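This is entry_14.cif. It holds mmCIF, C-alpha atoms, pLDDT in the B column; chains and numbers go by the auth columns.
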data_entry
loop_
_atom_site.group_PDB
_atom_site.id
_atom_site.type_symbol
_atom_site.label_atom_id
_atom_site.label_comp_id
_atom_site.label_asym_id
_atom_site.label_seq_id
_atom_site.Cartn_x
_atom_site.Cartn_y
_atom_site.Cartn_z
_atom_site.B_iso_or_equiv
_atom_site.auth_seq_id
_atom_site.auth_asym_id
ATOM 1 C CA MET A 1 77.614 -8.720 -56.442 91.00 1 A
ATOM 2 C CA LYS A 2 77.314 -8.194 -60.161 94.00 2 A
ATOM 3 C CA MET A 3 79.796 -7.181 -62.814 95.00 3 A
ATOM 4 C CA ILE A 4 78.506 -5.019 -65.613 95.00 4 A
ATOM 5 C CA ARG A 5 80.336 -4.559 -68.887 95.00 5 A
ATOM 6 C CA ALA A 6 78.845 -1.722 -70.889 95.00 6 A
ATOM 7 C CA ILE A 7 79.954 -1.294 -74.487 95.00 7 A
ATOM 8 C CA LEU A 8 79.098 2.266 -75.431 95.00 8 A
ATOM 9 C CA ARG A 9 79.744 5.002 -77.956 94.00 9 A
ATOM 10 C CA PRO A 10 83.151 6.524 -77.099 93.00 10 A
ATOM 11 C CA GLU A 11 81.771 10.071 -77.299 93.00 11 A
ATOM 12 C CA THR A 12 79.166 9.395 -74.594 93.00 12 A
ATOM 13 C CA THR A 13 81.378 7.708 -71.999 92.00 13 A
ATOM 14 C CA ASP A 14 82.492 10.940 -70.334 90.00 14 A
ATOM 15 C CA ASP A 15 78.859 11.961 -69.858 92.00 15 A
ATOM 16 C CA VAL A 16 78.110 8.535 -68.437 93.00 16 A
ATOM 17 C CA ALA A 17 81.129 8.725 -66.107 92.00 17 A
ATOM 18 C CA ASP A 18 80.122 12.189 -64.827 90.00 18 A
ATOM 19 C CA ALA A 19 76.554 11.089 -64.230 93.00 19 A
ATOM 20 C CA LEU A 20 77.765 7.990 -62.388 93.00 20 A
ATOM 21 C CA THR A 21 80.025 10.163 -60.220 90.00 21 A
ATOM 22 C CA ASN A 22 77.114 12.396 -59.296 91.00 22 A
ATOM 23 C CA ALA A 23 75.086 9.348 -58.343 93.00 23 A
ATOM 24 C CA GLY A 24 77.913 8.052 -56.143 91.00 24 A
ATOM 25 C CA PHE A 25 79.253 5.287 -58.387 92.00 25 A
ATOM 26 C CA ILE A 26 82.846 6.377 -58.729 90.00 26 A
ATOM 27 C CA SER A 27 84.896 3.224 -59.243 92.00 27 A
ATOM 28 C CA MET A 28 85.106 2.023 -62.810 92.00 28 A
ATOM 29 C CA THR A 29 87.521 0.774 -65.441 94.00 29 A
ATOM 30 C CA LYS A 30 87.293 1.718 -69.084 93.00 30 A
ATOM 31 C CA MET A 31 89.011 0.420 -72.192 94.00 31 A
ATOM 32 C CA SER A 32 88.920 0.990 -75.914 94.00 32 A
ATOM 33 C CA VAL A 33 87.546 -1.915 -77.890 94.00 33 A
ATOM 34 C CA PHE A 34 86.425 -2.652 -81.426 93.00 34 A
ATOM 35 C CA GLY A 35 83.229 -4.450 -82.202 90.00 35 A
ATOM 36 C CA ARG A 36 80.305 -4.971 -84.449 89.00 36 A
ATOM 37 C CA GLY A 37 76.667 -5.734 -83.957 86.00 37 A
ATOM 38 C CA ARG A 38 73.934 -7.337 -85.974 84.00 38 A
ATOM 39 C CA GLN A 39 74.394 -4.674 -88.665 83.00 39 A
ATOM 40 C CA GLN A 40 77.847 -6.175 -89.432 84.00 40 A
ATOM 41 C CA GLY A 41 79.725 -2.929 -89.082 82.00 41 A
ATOM 42 C CA ILE A 42 78.799 0.207 -90.939 85.00 42 A
ATOM 43 C CA SER A 43 78.896 1.438 -94.540 84.00 43 A
ATOM 44 C CA PHE A 44 79.513 4.981 -95.715 85.00 44 A
ATOM 45 C CA GLY A 45 78.915 4.920 -99.467 86.00 45 A
ATOM 46 C CA GLU A 46 81.525 2.616 -100.965 88.00 46 A
ATOM 47 C CA VAL A 47 83.498 2.192 -97.775 88.00 47 A
ATOM 48 C CA HIS A 48 82.577 -0.572 -95.351 87.00 48 A
ATOM 49 C CA TYR A 49 83.905 -0.712 -91.785 86.00 49 A
ATOM 50 C CA ASP A 50 83.782 -4.222 -90.292 87.00 50 A
ATOM 51 C CA GLU A 51 84.436 -3.100 -86.770 89.00 51 A
ATOM 52 C CA ILE A 52 83.487 0.110 -85.032 91.00 52 A
ATOM 53 C CA PRO A 53 85.443 1.708 -82.174 93.00 53 A
ATOM 54 C CA LYS A 54 83.635 1.502 -78.843 94.00 54 A
ATOM 55 C CA THR A 55 84.465 2.053 -75.193 95.00 55 A
ATOM 56 C CA MET A 56 83.859 -0.661 -72.641 95.00 56 A
ATOM 57 C CA ILE A 57 83.117 0.319 -69.057 95.00 57 A
ATOM 58 C CA LEU A 58 83.583 -2.359 -66.425 95.00 58 A
ATOM 59 C CA MET A 59 82.096 -1.964 -62.949 94.00 59 A
ATOM 60 C CA VAL A 60 81.407 -4.277 -60.035 94.00 60 A
ATOM 61 C CA LEU A 61 78.302 -3.319 -58.100 93.00 61 A
ATOM 62 C CA PRO A 62 76.087 -4.568 -55.314 94.00 62 A
ATOM 63 C CA GLU A 63 73.080 -6.278 -56.788 93.00 63 A
ATOM 64 C CA GLU A 64 70.607 -3.619 -55.659 94.00 64 A
ATOM 65 C CA SER A 65 72.497 -0.834 -57.497 94.00 65 A
ATOM 66 C CA VAL A 66 72.490 -2.513 -60.902 95.00 66 A
ATOM 67 C CA ASP A 67 69.142 -1.153 -62.050 95.00 67 A
ATOM 68 C CA GLN A 68 70.053 2.399 -61.037 95.00 68 A
ATOM 69 C CA VAL A 69 73.350 2.243 -62.943 95.00 69 A
ATOM 70 C CA LEU A 70 71.654 0.771 -66.003 95.00 70 A
ATOM 71 C CA GLY A 71 69.205 3.654 -65.865 94.00 71 A
ATOM 72 C CA ILE A 72 72.033 6.209 -65.775 94.00 72 A
ATOM 73 C CA ILE A 73 73.891 4.527 -68.631 94.00 73 A
ATOM 74 C CA ARG A 74 70.746 4.413 -70.706 93.00 74 A
ATOM 75 C CA ALA A 75 69.850 8.037 -69.981 93.00 75 A
ATOM 76 C CA LYS A 76 73.285 9.315 -71.024 92.00 76 A
ATOM 77 C CA SER A 77 74.184 6.939 -73.846 92.00 77 A
ATOM 78 C CA TYR A 78 70.900 6.656 -75.698 92.00 78 A
ATOM 79 C CA THR A 79 70.613 8.155 -79.176 92.00 79 A
ATOM 80 C CA GLY A 80 68.024 5.807 -80.668 91.00 80 A
ATOM 81 C CA ASN A 81 70.301 4.769 -83.538 89.00 81 A
ATOM 82 C CA PHE A 82 72.011 1.465 -84.166 88.00 82 A
ATOM 83 C CA GLY A 83 75.300 1.351 -82.286 88.00 83 A
ATOM 84 C CA ASP A 84 74.199 2.649 -78.893 91.00 84 A
ATOM 85 C CA GLY A 85 75.740 -0.467 -77.412 91.00 85 A
ATOM 86 C CA LYS A 86 75.020 -3.322 -75.065 92.00 86 A
ATOM 87 C CA VAL A 87 75.423 -3.956 -71.361 95.00 87 A
ATOM 88 C CA PHE A 88 76.354 -7.424 -70.123 96.00 88 A
ATOM 89 C CA ILE A 89 75.628 -8.308 -66.515 95.00 89 A
ATOM 90 C CA SER A 90 77.240 -11.293 -64.844 94.00 90 A
ATOM 91 C CA ASP A 91 77.620 -12.793 -61.385 93.00 91 A
ATOM 92 C CA VAL A 92 80.683 -12.114 -59.278 94.00 92 A
ATOM 93 C CA GLU A 93 81.663 -14.596 -56.592 92.00 93 A
ATOM 94 C CA SER A 94 84.062 -12.444 -54.642 93.00 94 A
ATOM 95 C CA MET A 95 86.066 -9.253 -54.830 93.00 95 A
ATOM 96 C CA TYR A 96 89.335 -8.371 -53.099 94.00 96 A
ATOM 97 C CA THR A 97 90.966 -4.998 -52.487 92.00 97 A
ATOM 98 C CA VAL A 98 94.674 -5.555 -53.114 92.00 98 A
ATOM 99 C CA ARG A 99 95.824 -2.776 -50.761 90.00 99 A
ATOM 100 C CA THR A 100 94.180 -4.347 -47.724 91.00 100 A
ATOM 101 C CA GLY A 101 93.831 -7.925 -48.952 90.00 101 A
ATOM 102 C CA VAL A 102 90.280 -7.887 -47.633 89.00 102 A
ATOM 103 C CA LYS A 103 87.567 -9.909 -49.318 90.00 103 A
ATOM 104 C CA GLU A 104 84.514 -7.748 -49.886 84.00 104 A
ATOM 105 C CA SER A 105 81.293 -9.693 -49.349 71.00 105 A
ATOM 106 C CA MET B 1 86.503 -22.949 -63.382 91.00 1 B
ATOM 107 C CA LYS B 2 87.020 -19.418 -62.159 93.00 2 B
ATOM 108 C CA GLU B 3 87.818 -16.260 -64.056 94.00 3 B
ATOM 109 C CA ILE B 4 90.068 -13.916 -62.101 95.00 4 B
ATOM 110 C CA ILE B 5 90.111 -10.314 -63.279 95.00 5 B
ATOM 111 C CA ALA B 6 92.845 -8.307 -61.604 95.00 6 B
ATOM 112 C CA ILE B 7 93.219 -4.575 -62.142 94.00 7 B
ATOM 113 C CA ILE B 8 96.743 -3.672 -61.022 93.00 8 B
ATOM 114 C CA ARG B 9 99.507 -1.093 -61.423 92.00 9 B
ATOM 115 C CA PRO B 10 101.220 -1.269 -64.851 91.00 10 B
ATOM 116 C CA ARG B 11 104.662 -1.662 -63.282 90.00 11 B
ATOM 117 C CA LYS B 12 103.576 -4.720 -61.322 91.00 12 B
ATOM 118 C CA VAL B 13 102.662 -6.828 -64.343 92.00 13 B
ATOM 119 C CA GLY B 14 106.172 -8.282 -64.711 92.00 14 B
ATOM 120 C CA PRO B 15 106.576 -9.375 -61.072 93.00 15 B
ATOM 121 C CA THR B 16 103.004 -10.719 -61.052 93.00 16 B
ATOM 122 C CA ARG B 17 103.645 -12.733 -64.194 92.00 17 B
ATOM 123 C CA ASP B 18 106.860 -14.171 -62.740 93.00 18 B
ATOM 124 C CA ARG B 19 105.157 -15.121 -59.457 93.00 19 B
ATOM 125 C CA LEU B 20 102.273 -16.833 -61.275 92.00 20 B
ATOM 126 C CA ALA B 21 104.740 -18.710 -63.478 92.00 21 B
ATOM 127 C CA GLU B 22 106.462 -19.910 -60.281 92.00 22 B
ATOM 128 C CA ILE B 23 103.257 -21.508 -59.037 91.00 23 B
ATOM 129 C CA GLY B 24 102.768 -23.078 -62.466 89.00 24 B
ATOM 130 C CA LEU B 25 100.128 -20.787 -63.960 88.00 25 B
ATOM 131 C CA PRO B 26 101.820 -18.776 -66.704 86.00 26 B
ATOM 132 C CA CYS B 27 98.671 -18.194 -68.807 89.00 27 B
ATOM 133 C CA MET B 28 97.103 -14.760 -68.755 90.00 28 B
ATOM 134 C CA THR B 29 95.715 -11.979 -70.897 92.00 29 B
ATOM 135 C CA ALA B 30 96.780 -8.403 -70.182 92.00 30 B
ATOM 136 C CA VAL B 31 95.041 -5.269 -71.409 92.00 31 B
ATOM 137 C CA ALA B 32 95.972 -1.621 -70.897 93.00 32 B
ATOM 138 C CA VAL B 33 92.985 0.110 -69.341 93.00 33 B
ATOM 139 C CA LEU B 34 92.084 3.374 -67.622 91.00 34 B
ATOM 140 C CA GLY B 35 90.269 3.412 -64.350 88.00 35 B
ATOM 141 C CA ARG B 36 89.355 5.242 -61.237 86.00 36 B
ATOM 142 C CA GLY B 37 88.460 4.203 -57.741 82.00 37 B
ATOM 143 C CA LYS B 38 86.718 5.802 -54.796 78.00 38 B
ATOM 144 C CA GLN B 39 89.282 8.637 -54.956 75.00 39 B
ATOM 145 C CA HIS B 40 88.090 9.945 -58.369 71.00 40 B
ATOM 146 C CA GLY B 41 91.467 9.262 -59.984 71.00 41 B
ATOM 147 C CA ILE B 42 94.701 10.481 -58.427 64.00 42 B
ATOM 148 C CA ALA B 43 97.885 12.346 -59.316 49.00 43 B
ATOM 149 C CA GLY B 44 101.451 11.085 -59.291 47.00 44 B
ATOM 150 C CA GLU B 45 100.545 7.559 -60.280 51.00 45 B
ATOM 151 C CA VAL B 46 102.302 7.450 -63.640 49.00 46 B
ATOM 152 C CA ASN B 47 105.761 7.198 -62.105 47.00 47 B
ATOM 153 C CA GLY B 48 104.576 4.412 -59.868 50.00 48 B
ATOM 154 C CA GLU B 49 105.197 6.496 -56.751 53.00 49 B
ATOM 155 C CA LEU B 50 102.330 8.083 -54.917 53.00 50 B
ATOM 156 C CA LYS B 51 102.813 11.504 -53.383 53.00 51 B
ATOM 157 C CA ASP B 52 101.661 11.727 -49.792 55.00 52 B
ATOM 158 C CA ASP B 53 99.309 14.595 -50.548 54.00 53 B
ATOM 159 C CA ALA B 54 98.024 13.104 -53.826 50.00 54 B
ATOM 160 C CA VAL B 55 94.623 12.220 -52.464 51.00 55 B
ATOM 161 C CA THR B 56 94.054 15.549 -50.752 51.00 56 B
ATOM 162 C CA SER B 57 95.170 17.549 -53.786 50.00 57 B
ATOM 163 C CA ILE B 58 92.309 16.291 -55.943 49.00 58 B
ATOM 164 C CA GLY B 59 90.853 19.121 -57.909 50.00 59 B
ATOM 165 C CA GLN B 60 94.164 20.881 -58.458 48.00 60 B
ATOM 166 C CA ALA B 61 96.321 18.529 -60.448 48.00 61 B
ATOM 167 C CA SER B 62 94.422 15.288 -60.419 58.00 62 B
ATOM 168 C CA MET B 63 93.844 12.903 -63.299 69.00 63 B
ATOM 169 C CA ARG B 64 90.370 11.758 -64.179 80.00 64 B
ATOM 170 C CA TYR B 65 91.578 8.259 -64.906 86.00 65 B
ATOM 171 C CA VAL B 66 94.633 6.341 -63.858 87.00 66 B
ATOM 172 C CA PRO B 67 96.432 3.966 -66.269 90.00 67 B
ATOM 173 C CA LYS B 68 96.143 0.356 -65.118 92.00 68 B
ATOM 174 C CA ARG B 69 96.623 -3.156 -66.448 93.00 69 B
ATOM 175 C CA LEU B 70 93.734 -5.582 -66.464 95.00 70 B
ATOM 176 C CA LEU B 71 94.783 -9.221 -66.229 95.00 71 B
ATOM 177 C CA THR B 72 92.367 -12.003 -67.059 94.00 72 B
ATOM 178 C CA ILE B 73 93.302 -15.438 -65.759 94.00 73 B
ATOM 179 C CA VAL B 74 91.091 -18.519 -65.985 93.00 74 B
ATOM 180 C CA VAL B 75 91.998 -21.356 -63.625 93.00 75 B
ATOM 181 C CA SER B 76 90.374 -24.399 -62.058 92.00 76 B
ATOM 182 C CA ASP B 77 88.348 -23.956 -58.858 92.00 77 B
ATOM 183 C CA GLU B 78 91.111 -25.291 -56.581 92.00 78 B
ATOM 184 C CA GLN B 79 93.760 -22.935 -57.953 91.00 79 B
ATOM 185 C CA ALA B 80 91.693 -19.754 -57.676 92.00 80 B
ATOM 186 C CA ASP B 81 92.596 -19.057 -54.052 92.00 81 B
ATOM 187 C CA ALA B 82 96.313 -19.499 -54.668 93.00 82 B
ATOM 188 C CA VAL B 83 96.213 -17.090 -57.606 93.00 83 B
ATOM 189 C CA VAL B 84 94.336 -14.437 -55.610 94.00 84 B
ATOM 190 C CA ARG B 85 96.820 -14.771 -52.739 93.00 85 B
ATOM 191 C CA ALA B 86 99.795 -14.554 -55.118 94.00 86 B
ATOM 192 C CA ILE B 87 98.434 -11.410 -56.786 94.00 87 B
ATOM 193 C CA ILE B 88 97.768 -9.745 -53.439 94.00 88 B
ATOM 194 C CA GLU B 89 101.222 -10.707 -52.160 92.00 89 B
ATOM 195 C CA ILE B 90 102.989 -9.139 -55.158 92.00 90 B
ATOM 196 C CA ASN B 91 100.803 -6.084 -55.650 92.00 91 B
ATOM 197 C CA GLN B 92 100.197 -4.957 -52.086 91.00 92 B
ATOM 198 C CA THR B 93 102.057 -1.707 -51.396 88.00 93 B
ATOM 199 C CA GLY B 94 99.545 -0.436 -48.849 84.00 94 B
ATOM 200 C CA LYS B 95 98.971 2.737 -50.842 83.00 95 B
ATOM 201 C CA ILE B 96 95.804 3.714 -52.619 83.00 96 B
ATOM 202 C CA GLY B 97 95.678 2.419 -56.191 85.00 97 B
ATOM 203 C CA ASP B 98 96.819 -1.154 -55.583 89.00 98 B
ATOM 204 C CA GLY B 99 93.781 -2.368 -57.479 91.00 99 B
ATOM 205 C CA LYS B 100 90.968 -4.862 -57.250 92.00 100 B
ATOM 206 C CA ILE B 101 90.591 -8.557 -57.916 95.00 101 B
ATOM 207 C CA VAL B 102 87.267 -9.932 -59.085 95.00 102 B
ATOM 208 C CA VAL B 103 86.523 -13.661 -59.099 95.00 103 B
ATOM 209 C CA SER B 104 83.618 -15.062 -61.072 94.00 104 B
ATOM 210 C CA ASP B 105 82.445 -18.432 -62.309 93.00 105 B
ATOM 211 C CA VAL B 106 83.150 -19.774 -65.797 93.00 106 B
ATOM 212 C CA ARG B 107 80.845 -22.533 -67.006 91.00 107 B
ATOM 213 C CA ASP B 108 82.664 -23.725 -70.111 92.00 108 B
ATOM 214 C CA MET B 109 85.768 -23.111 -72.138 91.00 109 B
ATOM 215 C CA LEU B 110 87.147 -24.146 -75.543 92.00 110 B
ATOM 216 C CA ARG B 111 90.726 -24.586 -76.647 90.00 111 B
ATOM 217 C CA VAL B 112 90.719 -23.533 -80.279 89.00 112 B
ATOM 218 C CA ARG B 113 93.707 -25.634 -81.384 90.00 113 B
ATOM 219 C CA THR B 114 92.400 -29.004 -80.196 91.00 114 B
ATOM 220 C CA GLY B 115 88.698 -28.423 -79.654 89.00 115 B
ATOM 221 C CA GLU B 116 88.952 -29.567 -76.002 91.00 116 B
ATOM 222 C CA ARG B 117 86.174 -28.335 -73.737 91.00 117 B
ATOM 223 C CA GLY B 118 85.894 -27.527 -70.050 88.00 118 B
ATOM 224 C CA GLU B 119 88.657 -28.327 -67.545 87.00 119 B
ATOM 225 C CA ALA B 120 90.693 -30.117 -70.232 88.00 120 B
ATOM 226 C CA ALA B 121 91.105 -26.808 -72.048 87.00 121 B
ATOM 227 C CA ILE B 122 92.922 -25.177 -69.108 84.00 122 B
ATOM 228 C CA ALA B 123 95.633 -27.682 -68.276 72.00 123 B
#

Same coordinates, now as structure tokens:
Amino acid sequence: MKMIRAILRPETTDDVADALTNAGFISMTKMSVFGRGRQQGISFGEVHYDEIPKTMILMVLPEESVDQVLGIIRAKSYTGNFGDGKVFISDVESMYTVRTGVKES
Amino acid sequence: MKEIIAIIRPRKVGPTRDRLAEIGLPCMTAVAVLGRGKQHGIAGEVNGELKDDAVTSIGQASMRYVPKRLLTIVVSDEQADAVVRAIIEINQTGKIGDGKIVVSDVRDMLRVRTGERGEAAIA
């Protein structure tokens, strides 16, 4: 299993979530975060913002679904400008459902 | 080292913290998050009590996301099982929305105050 952490524009996360629902990926966790990229924040005229608000979506997926989910995220979250975000993918050793206490794969 | 990410009910954070402190692992990070599971988000969760018909009434008064707490706990390999069992023991109500626990590997770690690396940074 893989865990993906997608850091996206807050305004696109609802579109991403709806598209994921339609594709059958319903379970997810989202949180508000602040971050910056290589551009070191953003400047509007005189005002410089060090950190930009983003939304992080966390999902645990079977390995074979990762590419499909990345495709959906990219299709819905892409604007072509700096700040579209990043997706981090990492290994998961095991997952448990608390309600049943069952270890899933 | 293992990183344990537990997504649990907000009201269970206190009991979970106390139980983990009992087994000698008081360190954790907690974040308020929103989430949804297979049920597309459910109603009646905010009060901590789940209505019997909550799952079937989706579409009428359901929430898109349910408020949850995400706990991040990093422990040594041997302790991981005990932590998972403790979290399940405290958080299991048998009703939908109890949450998930994800265990993954951590290769290295740094304690900022002392500069210790790896296992030494946990204890």

Inset, instruction - Let me know the residues the PyMOL selection byres ((chain B) within 10 of (chain A)) catches in the file above, as number ranges by chain. - result: B: 2-8, 31-41, 64-70, 84-85, 87-106

Legend entry - the PyMOL selection byres ((chain A and resi 33) around 9) resolved against shown file, as a ChimeraX atom specification: /A:7,31-32,34-35,52-56

Inset, instruction - Step by step, work through what the PyMOL selection byres ((chain A and resi 15) around 12) selects in the shown file, and finish by giving those residues as a PyMOL selection string. - result: chain A and resi 8-14+16-22+72-78

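Across the structure, atom CA of Ala82 of chain B and atom CA of Ile23 of chain B are spaced 8.4 Å apart.
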
Inset, instruction - For atom CA of Asp77 of chain B and atom CA of Arg17 of chain B, quote the distance in Å rounded to one decimal. - result: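 That distance, rounded to one decimal, is 19.7 Å.
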
Legend entry - Length of the atom CA of Arg19 of chain B to atom CA of Ala86 of chain B vector [Å]: 6.9 Å

Inset, instruction - Find, counting all atoms listed in the file, the residue in B:Met1, B:Gly14, B:Ile73, B:Gln79 that gets nearest to Met109 of chain B. - result: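 Among the listed residues, B:Met1 lies closest to Met109 of chain B.
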
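Residues in contact with segment 111-119 of chain B at up to 7 Å, not including ones fewer than 3 positions away on its chain and judged by only C-alpha atoms, are Ser76, Asp108 and Ile122 of chain B.
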
Tell me which protein, DNA and RNA residues are within 10 Å of Gly41 of chain A, counting only C-alpha atoms, leaving out same-chain ones fewer than 6 positions away, and put them as a PDB file with C-alpha atoms, in the frame of the given file.
ATOM      1  CA  GLY A  35      83.229  -4.450 -82.202  1.00 90.00           C
ATOM      2  CA  HIS A  48      82.577  -0.572 -95.351  1.00 87.00           C
ATOM      3  CA  TYR A  49      83.905  -0.712 -91.785  1.00 86.00           C
ATOM      4  CA  ASP A  50      83.782  -4.222 -90.292  1.00 87.00           C
ATOM      5  CA  GLU A  51      84.436  -3.100 -86.770  1.00 89.00           C
ATOM      6  CA  ILE A  52      83.487   0.110 -85.032  1.00 91.00           C
ATOM      7  CA  GLY A  83      75.300   1.351 -82.286  1.00 88.00           C
TER       8      GLY A  83
END
